[in-house]
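Engineer: Coordinates in run.tsv, TSV, C-alpha atoms and all ligand atoms, are listed below.
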chain	number	residue	atom	x	y	z
A	19	MET	CA	-33.45	-13.99	-144.92
A	20	ARG	CA	-29.66	-13.75	-145.23
A	21	LEU	CA	-29.97	-12.69	-148.88
A	22	LEU	CA	-32.48	-10.03	-147.88
A	23	ALA	CA	-30.11	-8.73	-145.21
A	24	VAL	CA	-27.25	-8.53	-147.73
A	25	ALA	CA	-29.49	-6.72	-150.24
A	26	PHE	CA	-30.51	-4.28	-147.52
A	27	LEU	CA	-26.90	-3.59	-146.53
A	28	LEU	CA	-26.01	-3.01	-150.19
A	29	LEU	CA	-28.79	-0.42	-150.36
A	30	LEU	CA	-27.13	1.51	-147.54
A	31	LEU	CA	-23.74	1.63	-149.25
A	32	PRO	CA	-22.78	4.68	-151.30
A	33	ARG	CA	-23.22	4.13	-155.06
A	34	PRO	CA	-20.27	4.53	-157.40
A	35	GLY	CA	-20.46	7.77	-159.37
A	36	LEU	CA	-18.69	10.94	-160.43
A	37	ALA	CA	-15.25	10.93	-158.78
A	38	GLY	CA	-14.99	12.45	-155.33
A	39	CYS	CA	-18.63	13.33	-155.21
A	40	LEU	CA	-21.15	11.86	-152.77
A	41	ILE	CA	-24.54	13.34	-151.95
A	42	ALA	CA	-25.85	12.75	-148.42
A	43	LEU	CA	-29.65	12.77	-148.38
A	44	ASP	CA	-30.84	13.35	-144.84
A	45	ILE	CA	-34.40	12.30	-143.95
A	46	GLY	CA	-35.47	15.11	-141.61
A	47	HIS	CA	-36.81	14.24	-138.10
A	48	HIS	CA	-37.16	10.81	-136.48
A	49	ARG	CA	-39.82	8.39	-135.27
A	50	GLU	CA	-40.06	9.80	-131.72
A	51	ALA	CA	-40.44	13.39	-132.98
A	52	PRO	CA	-41.67	13.08	-136.59
A	53	GLY	CA	-41.86	16.83	-137.34
A	54	GLU	CA	-44.89	18.73	-138.61
A	55	VAL	CA	-48.30	17.10	-139.10
A	56	SER	CA	-50.06	17.46	-142.45
A	57	ALA	CA	-53.61	18.78	-142.86
A	58	ARG	CA	-54.73	15.13	-143.01
A	59	GLY	CA	-52.64	13.92	-140.09
A	60	VAL	CA	-49.62	12.43	-141.87
A	61	PRO	CA	-46.30	13.06	-140.07
A	62	GLU	CA	-43.63	15.03	-141.90
A	63	LEU	CA	-41.15	12.15	-141.46
A	64	VAL	CA	-43.22	10.07	-143.91
A	65	PHE	CA	-43.08	12.82	-146.57
A	66	ASN	CA	-39.34	13.33	-145.98
A	67	ALA	CA	-38.56	9.62	-146.33
A	68	GLU	CA	-40.63	9.28	-149.53
A	69	LEU	CA	-38.95	12.31	-151.08
A	70	ALA	CA	-35.45	11.14	-150.12
A	71	ARG	CA	-36.01	7.77	-151.80
A	72	ARG	CA	-37.41	9.42	-154.92
A	73	VAL	CA	-34.40	11.79	-155.09
A	74	GLY	CA	-32.12	8.79	-154.59
A	75	TRP	CA	-33.61	6.99	-157.60
A	76	GLU	CA	-32.98	10.06	-159.75
A	77	LEU	CA	-29.37	10.33	-158.54
A	78	ASP	CA	-28.91	6.62	-159.36
A	79	ARG	CA	-30.34	7.20	-162.81
A	80	ARG	CA	-27.75	9.92	-163.43
A	81	GLY	CA	-24.85	7.93	-161.97
A	82	ILE	CA	-24.38	10.27	-159.02
A	83	ALA	CA	-23.25	8.60	-155.78
A	84	TRP	CA	-25.44	9.15	-152.74
A	85	THR	CA	-25.96	7.90	-149.25
A	86	LEU	CA	-29.04	8.00	-147.08
A	87	ILE	CA	-28.81	9.51	-143.60
A	88	ASN	CA	-31.44	8.41	-141.06
A	89	ALA	CA	-32.78	5.63	-143.30
A	90	GLN	CA	-34.51	3.97	-140.34
A	91	GLY	CA	-35.87	7.20	-138.83
A	92	ASP	CA	-33.91	6.57	-135.63
A	93	VAL	CA	-31.29	9.38	-135.64
A	94	THR	CA	-32.40	11.57	-132.74
A	95	GLU	CA	-29.28	13.76	-132.43
A	96	LEU	CA	-29.11	16.55	-135.01
A	97	ALA	CA	-25.30	16.68	-134.94
A	98	GLU	CA	-25.21	12.95	-135.69
A	99	ARG	CA	-26.59	13.57	-139.20
A	100	PRO	CA	-23.73	15.69	-140.65
A	101	ARG	CA	-21.30	13.52	-138.65
A	102	ARG	CA	-22.54	10.38	-140.43
A	103	ALA	CA	-22.38	12.22	-143.74
A	104	ALA	CA	-18.75	13.15	-143.07
A	105	GLN	CA	-17.94	9.54	-142.09
A	106	ALA	CA	-19.41	8.37	-145.41
A	107	GLY	CA	-17.23	10.92	-147.24
A	108	ALA	CA	-20.12	13.10	-148.44
A	109	SER	CA	-19.24	16.17	-150.50
A	110	LEU	CA	-22.72	17.69	-150.17
A	111	PHE	CA	-25.34	17.42	-147.41
A	112	LEU	CA	-29.02	17.88	-148.27
A	113	SER	CA	-31.56	17.74	-145.46
A	114	LEU	CA	-35.07	17.02	-146.75
A	115	HIS	CA	-38.07	18.46	-144.93
A	116	HIS	CA	-41.68	19.55	-145.40
A	117	ASP	CA	-42.98	22.79	-144.07
A	118	SER	CA	-45.69	24.31	-141.90
A	119	VAL	CA	-46.78	27.81	-140.87
A	120	GLN	CA	-47.14	29.61	-137.54
A	121	ASP	CA	-50.22	28.61	-135.50
A	122	ALA	CA	-51.79	32.06	-135.99
A	123	TYR	CA	-52.43	31.16	-139.64
A	124	LYS	CA	-54.00	27.77	-138.91
A	125	THR	CA	-57.66	26.89	-138.49
A	126	GLU	CA	-59.30	23.64	-137.52
A	127	TRP	CA	-61.21	21.22	-139.70
A	128	VAL	CA	-62.34	17.65	-139.24
A	129	TRP	CA	-60.75	15.02	-141.48
A	130	GLN	CA	-62.10	11.46	-141.19
A	131	GLY	CA	-63.59	12.24	-137.80
A	132	VAL	CA	-60.42	13.76	-136.34
A	133	PRO	CA	-59.92	17.51	-135.77
A	134	ARG	CA	-56.82	18.70	-137.66
A	135	ALA	CA	-55.08	22.03	-138.22
A	136	HIS	CA	-54.74	23.44	-141.74
A	137	SER	CA	-53.80	26.69	-143.48
A	138	GLU	CA	-54.03	27.72	-147.11
A	139	VAL	CA	-52.48	31.17	-146.55
A	140	PHE	CA	-49.06	30.14	-147.89
A	141	SER	CA	-47.90	27.74	-150.58
A	142	GLY	CA	-44.53	26.74	-151.97
A	143	PHE	CA	-41.01	25.57	-151.22
A	144	GLY	CA	-38.14	27.08	-149.21
A	145	LEU	CA	-34.37	26.57	-149.28
A	146	PHE	CA	-32.11	27.29	-146.30
A	147	VAL	CA	-28.38	27.82	-146.00
A	148	SER	CA	-26.28	28.72	-142.95
A	149	GLY	CA	-23.65	31.47	-142.87
A	150	ARG	CA	-21.90	29.40	-140.20
A	151	ASN	CA	-21.39	26.47	-142.54
A	152	PRO	CA	-17.71	26.53	-143.59
A	153	GLN	CA	-18.76	26.22	-147.24
A	154	MET	CA	-21.46	28.87	-147.42
A	155	GLU	CA	-20.66	29.88	-151.00
A	156	GLU	CA	-21.02	26.38	-152.44
A	157	SER	CA	-24.11	25.83	-150.27
A	158	GLU	CA	-25.69	28.92	-151.80
A	159	THR	CA	-24.64	27.91	-155.32
A	160	VAL	CA	-26.32	24.51	-154.85
A	161	ALA	CA	-29.44	26.16	-153.38
A	162	ARG	CA	-29.65	28.51	-156.37
A	163	ALA	CA	-29.43	25.58	-158.77
A	164	ILE	CA	-32.16	23.69	-156.91
A	165	GLY	CA	-34.34	26.82	-156.95
A	166	ASP	CA	-33.79	27.27	-160.68
A	167	GLY	CA	-34.81	23.67	-161.35
A	168	LEU	CA	-37.97	23.97	-159.26
A	169	ILE	CA	-38.98	27.24	-160.90
A	170	ALA	CA	-38.35	25.73	-164.34
A	171	ALA	CA	-40.72	22.91	-163.31
A	172	GLY	CA	-43.43	25.49	-162.61
A	173	LEU	CA	-43.11	25.53	-158.80
A	174	GLY	CA	-42.76	28.66	-156.68
A	175	PRO	CA	-41.25	29.57	-153.32
A	176	SER	CA	-43.16	30.57	-150.21
A	177	LEU	CA	-41.67	33.62	-148.53
A	178	HIS	CA	-43.56	33.23	-145.23
A	179	HIS	CA	-40.39	32.54	-143.22
A	180	ALA	CA	-39.31	36.13	-143.92
A	181	LEU	CA	-42.43	37.63	-142.33
A	182	ALA	CA	-41.85	39.99	-139.40
A	183	VAL	CA	-43.67	37.69	-136.95
A	184	GLU	CA	-42.47	35.69	-133.98
A	185	GLY	CA	-40.76	32.47	-135.02
A	186	GLU	CA	-39.95	33.73	-138.53
A	187	ASN	CA	-37.89	36.83	-139.48
A	188	ARG	CA	-35.53	34.74	-141.61
A	189	PRO	CA	-33.48	36.94	-143.93
A	190	LEU	CA	-34.00	36.17	-147.61
A	191	LEU	CA	-30.81	35.79	-149.62
A	192	ASP	CA	-32.73	35.28	-152.84
A	193	ALA	CA	-36.47	35.95	-152.84
A	194	GLY	CA	-36.92	34.75	-156.43
A	195	ARG	CA	-35.57	31.31	-155.57
A	196	GLY	CA	-36.91	31.19	-151.99
A	197	ILE	CA	-33.43	30.99	-150.41
A	198	TYR	CA	-33.21	31.98	-146.75
A	199	ARG	CA	-30.21	32.44	-144.51
A	200	PHE	CA	-30.62	30.60	-141.19
A	201	ASP	CA	-27.21	30.59	-139.51
A	202	ASP	CA	-28.14	28.51	-136.47
A	203	LEU	CA	-29.86	25.60	-138.24
A	204	ALA	CA	-27.91	22.83	-136.50
A	205	VAL	CA	-27.64	20.32	-139.35
A	206	LEU	CA	-26.30	23.01	-141.70
A	207	ARG	CA	-24.02	24.74	-139.19
A	208	GLN	CA	-22.46	21.49	-138.01
A	209	ALA	CA	-21.86	20.10	-141.50
A	210	ALA	CA	-18.23	20.27	-142.65
A	211	MET	CA	-19.34	20.02	-146.27
A	212	PRO	CA	-21.69	22.41	-148.14
A	213	ALA	CA	-25.24	21.93	-146.91
A	214	VAL	CA	-28.77	22.95	-147.90
A	215	LEU	CA	-32.03	22.31	-146.07
A	216	VAL	CA	-34.96	21.82	-148.43
A	217	GLU	CA	-38.54	22.55	-147.33
A	218	ALA	CA	-40.31	20.82	-150.20
A	219	GLY	CA	-43.82	22.12	-149.58
A	220	ILE	CA	-46.31	23.19	-146.91
A	221	ILE	CA	-48.07	19.99	-145.84
A	222	VAL	CA	-50.44	21.81	-143.52
A	223	ASN	CA	-51.96	23.36	-146.67
A	224	ARG	CA	-54.83	20.96	-147.43
A	225	ASP	CA	-54.93	21.94	-151.12
A	226	ASP	CA	-51.20	21.36	-151.53
A	227	GLU	CA	-50.91	18.18	-149.46
A	228	PRO	CA	-52.11	15.73	-152.15
A	229	VAL	CA	-49.99	17.55	-154.76
A	230	ILE	CA	-46.89	17.35	-152.52
A	231	ALA	CA	-47.52	13.61	-152.08
A	232	SER	CA	-47.81	13.06	-155.84
A	233	GLU	CA	-45.21	11.40	-158.05
A	234	GLY	CA	-45.11	14.46	-160.32
A	235	TYR	CA	-44.20	16.80	-157.47
A	236	ARG	CA	-41.55	14.48	-156.07
A	237	ALA	CA	-40.14	13.92	-159.54
A	238	ALA	CA	-39.78	17.70	-160.01
A	239	PHE	CA	-37.74	17.88	-156.78
A	240	ALA	CA	-35.73	14.81	-157.74
A	241	ARG	CA	-34.82	16.34	-161.10
A	242	ALA	CA	-34.00	19.77	-159.64
A	243	ILE	CA	-31.84	18.25	-156.88
A	244	ALA	CA	-30.11	15.79	-159.22
A	245	THR	CA	-29.27	18.57	-161.69
A	246	ALA	CA	-27.90	20.75	-158.85
A	247	ALA	CA	-25.96	17.77	-157.48
A	248	HIS	CA	-24.50	17.02	-160.91
A	249	ALA	CA	-23.26	20.61	-161.25
A	250	HIS	CA	-21.78	20.36	-157.72
A	251	CYS	CA	-19.99	17.13	-158.70
A	252	GLN	CA	-18.57	18.78	-161.82
A	253	ARG	CA	-17.19	21.65	-159.73
A	254	LEU	CA	-15.31	19.08	-157.63
A	255	ASN	CA	-13.65	17.62	-160.72
A	301	ZN	ZN	-38.84	19.46	-140.76
Render the structure in this file as structure tokens.

Structural biologist:
Amino acid sequence: MRLLAVAFLLLLLPRPGLAGCLIALDIGHHREAPGEVSARGVPELVFNAELARRVGWELDRRGIAWTLINAQGDVTELAERPRRAAQAGASLFLSLHHDSVQDAYKTEWVWQGVPRAHSEVFSGFGLFVSGRNPQMEESETVARAIGDGLIAAGLGPSLHHALAVEGENRPLLDAGRGIYRFDDLAVLRQAAMPAVLVEAGIIVNRDDEPVIASEGYRAAFARAIATAAHAHCQRLN
């Protein structure tokens, strides 16, 4: 048991890597409020945690230091996330999420005997940066690099957050790469270091859900994020 505990603690420590560079991977949401619900009833928190771990493996593989924020799914305060990243000495904060759409686009279906909401109107990823983050320029540079990597992997952005409907109206900074400006996103605004929020895919889309949960999809995100992180680390040196 003691060995297990030590191994677990070691997992939580930042890995050695490129000097001065540490990537904070934030698992979006927490157990009491696990975010969106997929077309088949899986909470977003589960997708976010799986993706964070997959991205972490890729960062390890490339020798880039990283630390996991909200590893246990118990961080309820949004401000606590960038605060923990700062305490760990993170140079970049990436909050990992999965997306949904406004209720008006959803319809009901029954999956394994349970009525669920789904929508196939929109498909794709989204990247968010905040103009109130003190390092907006680097945040945007990282977001562009992530977008480039995803597009090179054959993925495309969803622009539904820019629609002129209630709850959306997010200005697009870069439609080609699916980069939105969302100044008041708390985790980005309160981060002292550059920060990007990644919406990896629309889990309420029942066609996309199994794809988003696949190793190939997660690997594409891991590679795109690791490449963007590596470029960020090089700019620090
Ligand atoms: Zn979310």

Engineer: For stretch 204-207 of chain A, I'd like the enclosing box, axis-aligned and padded by 6 Å on every side, reported as JSON with centre and edge lengths in Å to one decimal.

Structural biologist:
{"center_x": -26.0, "center_y": 22.5, "center_z": -139.1, "size_x": 15.9, "size_y": 16.4, "size_z": 17.2}

Engineer: Which of these, A:Gly53, A:Gly46, A:Pro133, A:Pro189, has the shortest distance to A:Ile221 once you count only C-alpha atoms?

Structural biologist: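 Closest to A:Ile221, using only C-alpha atoms: A:Gly53.
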
Engineer: Between A:Glu156, A:Glu76, A:Glu138, A:Asp192, which one has atoms that come closest to A:Ser109, using all atoms listed in the file?

Structural biologist: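 Among the listed residues, A:Glu156 lies closest to A:Ser109.
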
Engineer: For atom CA of A:Arg253 and atom CA of A:Ala218, determine how far apart the two atoms are, in Å to one decimal place.

Structural biologist: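 According to the coordinates, atom CA of A:Arg253 and atom CA of A:Ala218 are separated by 25.0 Å.
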
Engineer: One number please: atom CA of A:Val93 to atom CA of A:Glu68, in Å, one decimal.

Structural biologist: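 If I compute the distance from atom CA of A:Val93 to atom CA of A:Glu68, I get 16.7 Å.
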
Engineer: Output the neighbourhood of ligand ZN 301 (chain A) as a PyMOL selection string, that is, all protein and nucleic acid residues with some atom at most 12 Å from the ligand, counting only C-alpha atoms and all ligand atoms.

Structural biologist: chain A and resi 44-48+51-56+61-67+96+113-119+144-146+203+205+215-221

Engineer: What is the distance, in Å and to one decimal place, between atom CA of A:Ala238 and atom CA of A:Leu168?

Structural biologist: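 One can read the atom CA of A:Ala238 to atom CA of A:Leu168 distance as 6.6 Å.
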
Engineer: Go through A:Phe111, A:Phe239, A:Tyr198, A:Trp127 and flag the residue nearest A:Val222, using only C-alpha atoms for the distances.

Structural biologist: A:Trp127

Engineer: Quick one: of A:Ala171, A:Ala83, A:Leu40, A:Leu206, who's nearest to A:Pro100, counting only C-alpha atoms?

Structural biologist: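 Of A:Ala171, A:Ala83, A:Leu40, A:Leu206, the one nearest A:Pro100, counting only C-alpha atoms, is A:Leu206.
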
Engineer: Using all atoms listed in the file, find all polymer residues with an atom at most 7 Å away from the point (-27.4, 7.5, -152.0); report them as a PyMOL selection string.

Structural biologist: chain A and resi 32-33+41-43+74+83-86

Engineer: Skipping near chain neighbours, those fewer than 4 positions away, what residues fall within 12 Å of A:Arg80 using only C-alpha atoms, listed as a list in words?

Structural biologist: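 Once the nearby chain positions are removed, what remains is Arg33, Pro34, Gly35, Leu36, Val73, Gly74, Trp75, Glu76, Trp84, Ala240, Arg241, Ile243, Ala244, Thr245, Ala246, Ala247, His248, Ala249 and Cys251 of chain A.
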
Engineer: A:Ser157, A:Lys124, A:Gly81, A:Ala70: which is nearest A:Ala210, counting all atoms listed in the file?

Structural biologist: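 Residue with the minimum atom-to-atom distance to A:Ala210: A:Ser157.
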
Engineer: Keeping C-alpha atoms (and nothing else), can you write stretch 41-98 of chain A of this structure as a compact mmCIF listing (two decimals), in the first residue's frame?

Structural biologist:
# COMPACT_ATOMS: atom_id res chain seq x y z
CA ILE A 41 2.29 22.62 -18.94
CA ALA A 42 -0.71 22.58 -16.58
CA LEU A 43 -3.41 20.26 -17.90
CA ASP A 44 -6.69 21.12 -16.23
CA ILE A 45 -9.44 18.48 -16.21
CA GLY A 46 -12.56 20.60 -16.73
CA HIS A 47 -15.48 20.32 -14.22
CA HIS A 48 -15.69 18.20 -11.06
CA ARG A 49 -17.59 15.25 -9.64
CA GLU A 50 -20.46 17.28 -8.15
CA ALA A 51 -21.04 19.18 -11.42
CA PRO A 52 -19.51 17.00 -14.15
CA GLY A 53 -20.32 19.31 -17.11
CA GLU A 54 -22.24 18.37 -20.24
CA VAL A 55 -23.81 14.94 -20.75
CA SER A 56 -23.02 12.99 -23.92
CA ALA A 57 -25.67 11.61 -26.29
CA ARG A 58 -25.23 8.26 -24.49
CA GLY A 59 -25.25 9.66 -20.97
CA VAL A 60 -21.53 9.87 -20.20
CA PRO A 61 -20.54 12.97 -18.18
CA GLU A 62 -18.10 15.41 -19.74
CA LEU A 63 -15.74 15.03 -16.76
CA VAL A 64 -14.99 11.45 -17.88
CA PHE A 65 -14.04 12.61 -21.40
CA ASN A 66 -11.95 15.48 -20.00
CA ALA A 67 -10.02 13.20 -17.63
CA GLU A 68 -9.33 10.61 -20.37
CA LEU A 69 -8.09 13.29 -22.75
CA ALA A 70 -5.88 14.93 -20.12
CA ARG A 71 -4.15 11.63 -19.36
CA ARG A 72 -3.66 10.90 -23.06
CA VAL A 73 -2.17 14.38 -23.61
CA GLY A 74 0.05 13.83 -20.57
CA TRP A 75 1.49 10.62 -22.05
CA GLU A 76 2.35 12.47 -25.24
CA LEU A 77 4.03 15.30 -23.30
CA ASP A 78 6.03 12.66 -21.38
CA ARG A 79 7.05 11.04 -24.64
CA ARG A 80 8.42 14.37 -25.87
CA GLY A 81 10.15 15.23 -22.59
CA ILE A 82 7.87 18.18 -21.85
CA ALA A 83 7.11 18.77 -18.15
CA TRP A 84 3.46 18.82 -17.16
CA THR A 85 1.25 18.77 -14.13
CA LEU A 86 -2.34 17.66 -13.79
CA ILE A 87 -4.86 20.05 -12.24
CA ASN A 88 -8.00 18.49 -10.72
CA ALA A 89 -6.65 14.94 -10.99
CA GLN A 90 -9.24 13.67 -8.50
CA GLY A 91 -12.17 15.64 -9.97
CA ASP A 92 -12.64 17.47 -6.66
CA VAL A 93 -11.66 21.08 -7.51
CA THR A 94 -14.97 22.92 -7.28
CA GLU A 95 -13.65 26.52 -7.34
CA LEU A 96 -12.75 27.75 -10.83
CA ALA A 97 -10.15 30.22 -9.51
CA GLU A 98 -8.45 27.36 -7.66
